[in-house]
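Since the structure comes first, as structure tokens, the remarks are kept for the end.
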Amino acid sequence: MKNNKEIIDKKLQKMRDLQEQSRLGGGEKRIADQHKKGKLTARERVELLLDRCSFREMDALAYHHSSEFGLDKQVFLGDGVITGFGEIDGQKVFIFSQDFTVLGGSLAAEHGRKICKIMDMALKNGCPVIGLNDSGGARVQEGVISLGAYADIFLRNTLSSGVVPQISVIMGPCAGGAVYSPAMTDFTIMVKKTSYMFVTGPKVVKTVTHQDFTSEELGGAMTHASKSGVAHFTAENDMDALEIVKKLTSYLPANNADDPPFLQNDDPTDRADEELNYIVPANPNQPYDMHDVIHKIADLGEFLEVHKDWAQNIIVGFCRLGGRSVGVVANQPAFLAGCLDINSSRKAGRFIRFCDAFNIPILTLEDVPGFLPGAEQEWGGIITNGAKLLYAYCEATVPKVTVITRKAYGGAYDVMNSKHVRGDLNFAWPTAELAVMGAKGAVEIIFKKEIDVADDPAKREAELIAEFDDKFAHPYIAASYGYIDDVIEPSQTRRRVIEAFNLLENKVDKNPPKKHGNVPL
């Protein structure tokens, strides 16, 4: 009879053999094929993203139990997705990474169950969920069971929304029903030239519309980063995408009950920047780059921009102020004069709602001449889309600080975190202009008859514009009504906004009890 050691050694060896089999995924040949495409394997991605030796895999030995259409001859341990938990810079996260070397990373019952399991655990434990997507879609051989597995994930995306941060990284194909899970997460990162997303692919589009597109043109990273806004970030390759995830998570709390991470640095909180005093041009119609303002006031000049290539007339992203994580929303006068339109309203509204859900204070830098005019905007629904941004600001209860650098005209003044929508501290630079509209437009409405009958209409119009500017193109009337808390020297902006957020760190503001509001979707 074998002794106890031999029996145990045999059991241990079986366990190790199965673990090694699971680690190989679809096998050496398919791993080599993945590398030839310029892509990392699912396991390599996990190991590079998480802190060294922190990953603990779950369900590594799970496999599908289907036998239809030859599936009984294609059984792989792990069933095409690696799941588990680990840490990024010491912060616990749950993660799944689809393995394209196993049945094309296709999703079916067991594959979906594994993802749902870690999503459930993340929700219970208050940890972010990171999904590394690289999948051919639903596993056709399992039919409606595969579709059900997708819906199980969609439900968890919805229940987790606003409770734990959810980040999707598209590192290969993502088509059909698979696209809706990333769309319901908070941030989507796509890799250039190796990832794509679409509901219907190029072949179907050509059959139905007779338009010929490549996968890259129809749903590639730059398409979704610049045209649709589906992608929040684009990466040059897999490693770059994982670095973006690390940067992003450094600004985020673990869940909606936690405060964002506080990272002290050696940038003085009272640092002044004289260049800010002169950054706004004397000509009110001349543009300047609001990025320069953000970089000059942020800790160490660092800013992680979100949706950089889409709706560029508004800037959103994360920076630190005095070590505190802050969400920035800023009009961009260098693009469409900083006008609000459909896409910029959607972009900023969604970002504000994310910040509010996860206790991230919001800094608004305002230079907005109004909403973009035109039939295309009206027919496209600028009314309801603009209302999304307004709704987001009104609903947000986190600390909200506004700095008006130049224009704050019309309804856009109200929308951009004015005092009237619960802005906590609202500052203006001396260059700020708060009015219903610009001087020329106002004069043309108010004094049309007087100008028409004047001996020199052009001269009279110029005189009236100068008079209107002198009377209204400044922040002091608004300050007299308390709509502006203080007019500040631009060079002192960093110090003043850090002081403001320090003052507001224990702020409590509540909305009326309700199941949820009816945001104008």
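Each chain in the structure tokens gets a letter, A, B and so on, in the order shown; residues start at 1 in every chain, and ligands are counted from 1 in the order they appear.
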With the cut-off set at 7 Å and counting only C-alpha atoms, tabulate each residue of region 189-301 of chain A with an atom at most that distance from an atom of region 492-505 of chain A, showing the nearest atom pair and its distance in Å to one decimal, ordered by chain and increasing number, as a Markdown table.
```
| residue | atom | partner | partner_atom | distance |
| --- | --- | --- | --- | --- |
| A:Thr269 | CA | A:Arg495 | CA | 5.7 |
| A:Asp270 | CA | A:Arg495 | CA | 4.7 |
| A:Arg271 | CA | A:Arg495 | CA | 6.6 |
| A:Ala272 | CA | A:Gln492 | CA | 5.3 |
| A:Ile297 | CA | A:Arg494 | CA | 4.7 |
```
Please produce an output containing N, CA and C atoms for each residue in the selection, written as a PDB file, in the first residue's frame.
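As a result, selection_25.pdb now contains:
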```
ATOM      1  N   THR A 269       0.529  75.076  -2.125  1.00  0.00           N
ATOM      2  CA  THR A 269      -0.888  75.404  -2.338  1.00  0.00           C
ATOM      3  C   THR A 269      -1.104  76.884  -2.593  1.00  0.00           C
ATOM      4  N   ASP A 270      -0.169  77.729  -2.159  1.00  0.00           N
ATOM      5  CA  ASP A 270      -0.313  79.175  -2.368  1.00  0.00           C
ATOM      6  C   ASP A 270       0.494  79.661  -3.570  1.00  0.00           C
ATOM      7  N   ARG A 271       0.888  78.729  -4.436  1.00  0.00           N
ATOM      8  CA  ARG A 271       1.673  79.112  -5.616  1.00  0.00           C
ATOM      9  C   ARG A 271       0.869  80.042  -6.516  1.00  0.00           C
ATOM     10  N   ALA A 272       1.437  81.189  -6.841  1.00  0.00           N
ATOM     11  CA  ALA A 272       0.806  82.131  -7.763  1.00  0.00           C
ATOM     12  C   ALA A 272       1.424  81.986  -9.144  1.00  0.00           C
ATOM     13  N   ILE A 297      -2.942  75.817 -12.759  1.00  0.00           N
ATOM     14  CA  ILE A 297      -3.478  75.776 -11.393  1.00  0.00           C
ATOM     15  C   ILE A 297      -3.426  74.379 -10.769  1.00  0.00           C
TER      16      ILE A 297
END
```
Worksheet entry | Val306 (chain A) environment, 8 Å, only C-alpha atoms, sequence neighbours closer than 3 positions dropped, as a PyMOL selection string | chain A and resi 232-233+315-318
Dump as a PDB file, in the first residue's frame, selection limited to C-alpha atoms:
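File written: again30.pdb
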```pdb
ATOM      1  CA  HIS A 232     -13.149  58.019 -23.341  1.00  0.00           C
ATOM      2  CA  PHE A 233      -9.468  57.258 -23.966  1.00  0.00           C
ATOM      3  CA  ILE A 315     -12.817  69.984 -21.523  1.00  0.00           C
ATOM      4  CA  VAL A 316     -13.368  67.409 -18.783  1.00  0.00           C
ATOM      5  CA  GLY A 317     -10.915  65.400 -16.728  1.00  0.00           C
ATOM      6  CA  PHE A 318      -9.150  64.916 -13.420  1.00  0.00           C
TER       7      PHE A 318
END
```
Discussion item. Using only C-alpha atoms, can you tell me which of A:Leu71, A:Val403, A:Asn133, A:Glu461 comes closest to Lys449 (chain A)?
Written reply: A:Glu461
Worksheet item: Pick the closest to Val508 (chain A) from A:Asp238, A:Asp424, A:Asp470, A:Asp267: which is it, counting only C-alpha atoms?
Response: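 The answer is A:Asp424, which sits nearest to Val508 (chain A).
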Worksheet item: Among region 107-349 of chain A, which residues carry a DSSP assignment of strand (DSSP E or B), reported as a PyMOL selection string?
Response: chain A and resi 107+129-133+138+166-170+173-175+187-191+196-198+220+233-235+262+303-306+314-321+324-331+340
Take the residues that were just selected and, keeping N, CA and C atoms, output them as a tab-separated table (two decimals), in the first residue's frame.
```tsv
chain	number	residue	atom	x	y	z
A	107	LEU	N	-18.28	34.38	-25.36
A	107	LEU	CA	-18.98	34.35	-24.08
A	107	LEU	C	-20.15	33.40	-24.12
A	129	VAL	N	-14.39	47.50	-10.60
A	129	VAL	CA	-14.37	46.37	-11.52
A	129	VAL	C	-13.69	46.82	-12.82
A	130	ILE	N	-12.70	46.05	-13.25
A	130	ILE	CA	-12.00	46.35	-14.50
A	130	ILE	C	-12.19	45.19	-15.45
A	131	GLY	N	-12.71	45.47	-16.64
A	131	GLY	CA	-12.92	44.44	-17.64
A	131	GLY	C	-11.99	44.63	-18.83
A	132	LEU	N	-11.19	43.62	-19.14
A	132	LEU	CA	-10.30	43.65	-20.31
A	132	LEU	C	-10.97	42.81	-21.39
A	133	ASN	N	-11.54	43.48	-22.37
A	133	ASN	CA	-12.41	42.83	-23.36
A	133	ASN	C	-11.66	42.47	-24.63
A	138	ALA	N	-20.83	36.39	-28.69
A	138	ALA	CA	-21.57	35.27	-28.10
A	138	ALA	C	-21.12	33.95	-28.73
A	166	GLN	N	-16.55	51.35	-12.64
A	166	GLN	CA	-16.43	50.28	-13.63
A	166	GLN	C	-15.64	50.81	-14.83
A	167	ILE	N	-14.59	50.10	-15.19
A	167	ILE	CA	-13.71	50.52	-16.29
A	167	ILE	C	-13.62	49.39	-17.30
A	168	SER	N	-13.85	49.73	-18.57
A	168	SER	CA	-13.74	48.75	-19.65
A	168	SER	C	-12.56	49.10	-20.55
A	169	VAL	N	-11.76	48.09	-20.86
A	169	VAL	CA	-10.65	48.27	-21.80
A	169	VAL	C	-10.91	47.34	-22.98
A	170	ILE	N	-11.07	47.94	-24.17
A	170	ILE	CA	-11.34	47.15	-25.37
A	170	ILE	C	-10.00	46.88	-26.04
A	173	PRO	N	-11.70	42.58	-30.61
A	173	PRO	CA	-13.07	42.78	-31.11
A	173	PRO	C	-14.08	42.88	-29.98
A	174	CYS	N	-15.11	43.69	-30.22
A	174	CYS	CA	-16.23	43.80	-29.28
A	174	CYS	C	-17.43	44.20	-30.13
A	175	ALA	N	-18.28	43.22	-30.46
A	175	ALA	CA	-19.33	43.47	-31.44
A	175	ALA	C	-20.66	42.89	-30.98
A	187	PHE	N	-16.01	54.25	-17.77
A	187	PHE	CA	-14.98	54.69	-18.71
A	187	PHE	C	-14.64	53.55	-19.66
A	188	THR	N	-14.45	53.91	-20.93
A	188	THR	CA	-14.06	52.93	-21.94
A	188	THR	C	-12.76	53.38	-22.59
A	189	ILE	N	-11.79	52.47	-22.60
A	189	ILE	CA	-10.47	52.72	-23.20
A	189	ILE	C	-10.34	51.79	-24.40
A	190	MET	N	-9.96	52.32	-25.54
A	190	MET	CA	-9.78	51.49	-26.73
A	190	MET	C	-8.33	51.57	-27.22
A	191	VAL	N	-7.86	50.46	-27.79
A	191	VAL	CA	-6.50	50.39	-28.32
A	191	VAL	C	-6.53	50.61	-29.83
A	196	TYR	N	-12.00	47.19	-31.88
A	196	TYR	CA	-13.12	47.86	-32.53
A	196	TYR	C	-14.42	47.49	-31.82
A	197	MET	N	-15.40	48.37	-31.95
A	197	MET	CA	-16.72	48.16	-31.35
A	197	MET	C	-17.79	48.56	-32.37
A	198	PHE	N	-18.78	47.70	-32.55
A	198	PHE	CA	-19.96	48.09	-33.33
A	198	PHE	C	-21.08	47.09	-33.06
A	220	GLY	N	-13.43	51.65	-35.05
A	220	GLY	CA	-12.10	51.65	-34.44
A	220	GLY	C	-11.96	52.66	-33.32
A	233	PHE	N	-10.92	57.17	-23.79
A	233	PHE	CA	-9.47	57.26	-23.97
A	233	PHE	C	-9.07	56.36	-25.13
A	234	THR	N	-7.98	56.73	-25.81
A	234	THR	CA	-7.38	55.83	-26.80
A	234	THR	C	-5.94	55.55	-26.39
A	235	ALA	N	-5.50	54.34	-26.69
A	235	ALA	CA	-4.15	53.91	-26.32
A	235	ALA	C	-3.40	53.46	-27.56
A	262	PHE	N	-6.28	60.88	-1.52
A	262	PHE	CA	-5.58	62.14	-1.28
A	262	PHE	C	-4.09	61.86	-1.40
A	303	PHE	N	-2.81	66.87	-15.54
A	303	PHE	CA	-4.24	66.81	-15.85
A	303	PHE	C	-4.51	65.58	-16.71
A	304	LEU	N	-5.42	64.73	-16.28
A	304	LEU	CA	-5.81	63.55	-17.05
A	304	LEU	C	-7.11	63.87	-17.76
A	305	GLU	N	-7.00	64.16	-19.05
A	305	GLU	CA	-8.19	64.57	-19.80
A	305	GLU	C	-9.01	63.36	-20.23
A	306	VAL	N	-10.30	63.49	-20.12
A	306	VAL	CA	-11.27	62.46	-20.52
A	306	VAL	C	-11.96	62.94	-21.80
A	314	ILE	N	-15.62	71.62	-25.02
A	314	ILE	CA	-15.62	71.55	-23.56
A	314	ILE	C	-14.55	70.54	-23.13
A	315	ILE	N	-13.90	70.83	-22.04
A	315	ILE	CA	-12.82	69.98	-21.52
A	315	ILE	C	-13.28	69.37	-20.21
A	316	VAL	N	-13.09	68.06	-20.07
A	316	VAL	CA	-13.37	67.41	-18.78
A	316	VAL	C	-12.20	66.49	-18.44
A	317	GLY	N	-11.99	66.29	-17.15
A	317	GLY	CA	-10.92	65.40	-16.73
A	317	GLY	C	-10.60	65.58	-15.26
A	318	PHE	N	-9.52	64.94	-14.84
A	318	PHE	CA	-9.15	64.92	-13.42
A	318	PHE	C	-7.80	65.59	-13.19
A	319	CYS	N	-7.71	66.32	-12.10
A	319	CYS	CA	-6.44	66.85	-11.63
A	319	CYS	C	-6.43	66.76	-10.11
A	320	ARG	N	-5.33	67.20	-9.51
A	320	ARG	CA	-5.29	67.31	-8.05
A	320	ARG	C	-5.07	68.77	-7.68
A	321	LEU	N	-5.72	69.19	-6.63
A	321	LEU	CA	-5.55	70.53	-6.09
A	321	LEU	C	-5.27	70.40	-4.61
A	324	ARG	N	-5.86	66.89	-3.39
A	324	ARG	CA	-7.23	66.37	-3.48
A	324	ARG	C	-7.61	66.09	-4.94
A	325	SER	N	-8.25	64.95	-5.19
A	325	SER	CA	-8.74	64.61	-6.53
A	325	SER	C	-9.95	65.49	-6.85
A	326	VAL	N	-9.90	66.14	-8.02
A	326	VAL	CA	-10.95	67.07	-8.42
A	326	VAL	C	-11.32	66.81	-9.88
A	327	GLY	N	-12.60	66.85	-10.19
A	327	GLY	CA	-13.07	66.78	-11.57
A	327	GLY	C	-13.15	68.19	-12.14
A	328	VAL	N	-12.62	68.38	-13.34
A	328	VAL	CA	-12.61	69.70	-13.99
A	328	VAL	C	-13.56	69.69	-15.18
A	329	VAL	N	-14.40	70.71	-15.26
A	329	VAL	CA	-15.25	70.95	-16.42
A	329	VAL	C	-14.95	72.36	-16.90
A	330	ALA	N	-14.50	72.52	-18.13
A	330	ALA	CA	-14.04	73.83	-18.60
A	330	ALA	C	-14.46	74.08	-20.04
A	331	ASN	N	-15.07	75.22	-20.28
A	331	ASN	CA	-15.34	75.64	-21.66
A	331	ASN	C	-14.00	75.88	-22.37
A	340	LEU	N	-21.63	75.89	-26.07
A	340	LEU	CA	-22.19	74.60	-25.72
A	340	LEU	C	-23.02	74.08	-26.88
```
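When DSSP reads the backbone of this structure, the residues of region 431-470 of chain A it assigns to alpha helix (DSSP H) are Ala439, Lys440, Gly441, Ala442, Val443, Glu444, Ile445, Ile446, Lys448, Lys449, Glu450, Ile451, Asp452, Val453, Pro457, Ala458, Lys459, Arg460, Glu461, Ala462, Glu463, Leu464, Ile465, Ala466, Glu467, Phe468, Asp469 and Asp470 of chain A.
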Please produce a file of the residues just selected, as a compact mmCIF listing (two decimals), in the first residue's frame, where the atoms kept are C-alpha atoms.
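Printed below is selection17.txt as written:
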```txt
# COMPACT_ATOMS: atom_id res chain seq x y z
CA ALA A 439 -22.73 93.95 -26.47
CA LYS A 440 -23.23 93.96 -30.25
CA GLY A 441 -26.21 91.60 -30.17
CA ALA A 442 -27.76 93.45 -27.26
CA VAL A 443 -27.39 96.85 -28.91
CA GLU A 444 -28.90 95.57 -32.16
CA ILE A 445 -31.99 94.45 -30.24
CA ILE A 446 -32.39 97.32 -27.78
CA LYS A 448 -32.35 99.09 -33.47
CA LYS A 449 -34.67 102.03 -34.19
CA GLU A 450 -32.27 104.59 -32.76
CA ILE A 451 -29.44 103.25 -34.91
CA ASP A 452 -31.60 103.18 -38.05
CA VAL A 453 -32.50 106.88 -37.78
CA PRO A 457 -25.65 104.48 -38.02
CA ALA A 458 -22.26 102.73 -37.81
CA LYS A 459 -20.82 105.41 -35.52
CA ARG A 460 -23.89 105.41 -33.29
CA GLU A 461 -23.85 101.63 -33.05
CA ALA A 462 -20.17 101.69 -32.05
CA GLU A 463 -20.92 104.31 -29.36
CA LEU A 464 -23.78 102.26 -27.95
CA ILE A 465 -21.67 99.08 -27.95
CA ALA A 466 -18.94 100.86 -26.02
CA GLU A 467 -21.55 102.20 -23.58
CA PHE A 468 -23.07 98.74 -23.12
CA ASP A 469 -19.64 97.20 -22.59
CA ASP A 470 -18.79 99.80 -19.98
```
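Counting from CA of Ala412 (chain A), the distance to CA of Gly370 (chain A) is 5.0 Å.
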Discussion item. So that I can check the surroundings of Ala408 (chain A), please list as number ranges by chain every protein, DNA and RNA residue that reaches within 7 Å of it, counting only C-alpha atoms and ignoring chain neighbours fewer than 3 positions away.
Written reply: A: 366-369, 412-413, 433-435
Item to complete: With a distance cut-off of 9 Å and only C-alpha atoms, select the neighbouring residues of region 9-22 of chain A, excluding the residue or stretch itself and same-chain residues fewer than 3 positions from it, and output the selection as a list in words.
Response: Asn4, Lys5, Glu6, Gly25, Gly26, Gly27, Ala60, Leu61, Phe76, Leu77, Gly78 and Asp79 of chain A
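For the pair CA of Tyr278 (chain A) and CA of Lys296 (chain A), the interatomic distance is 12.7 Å.
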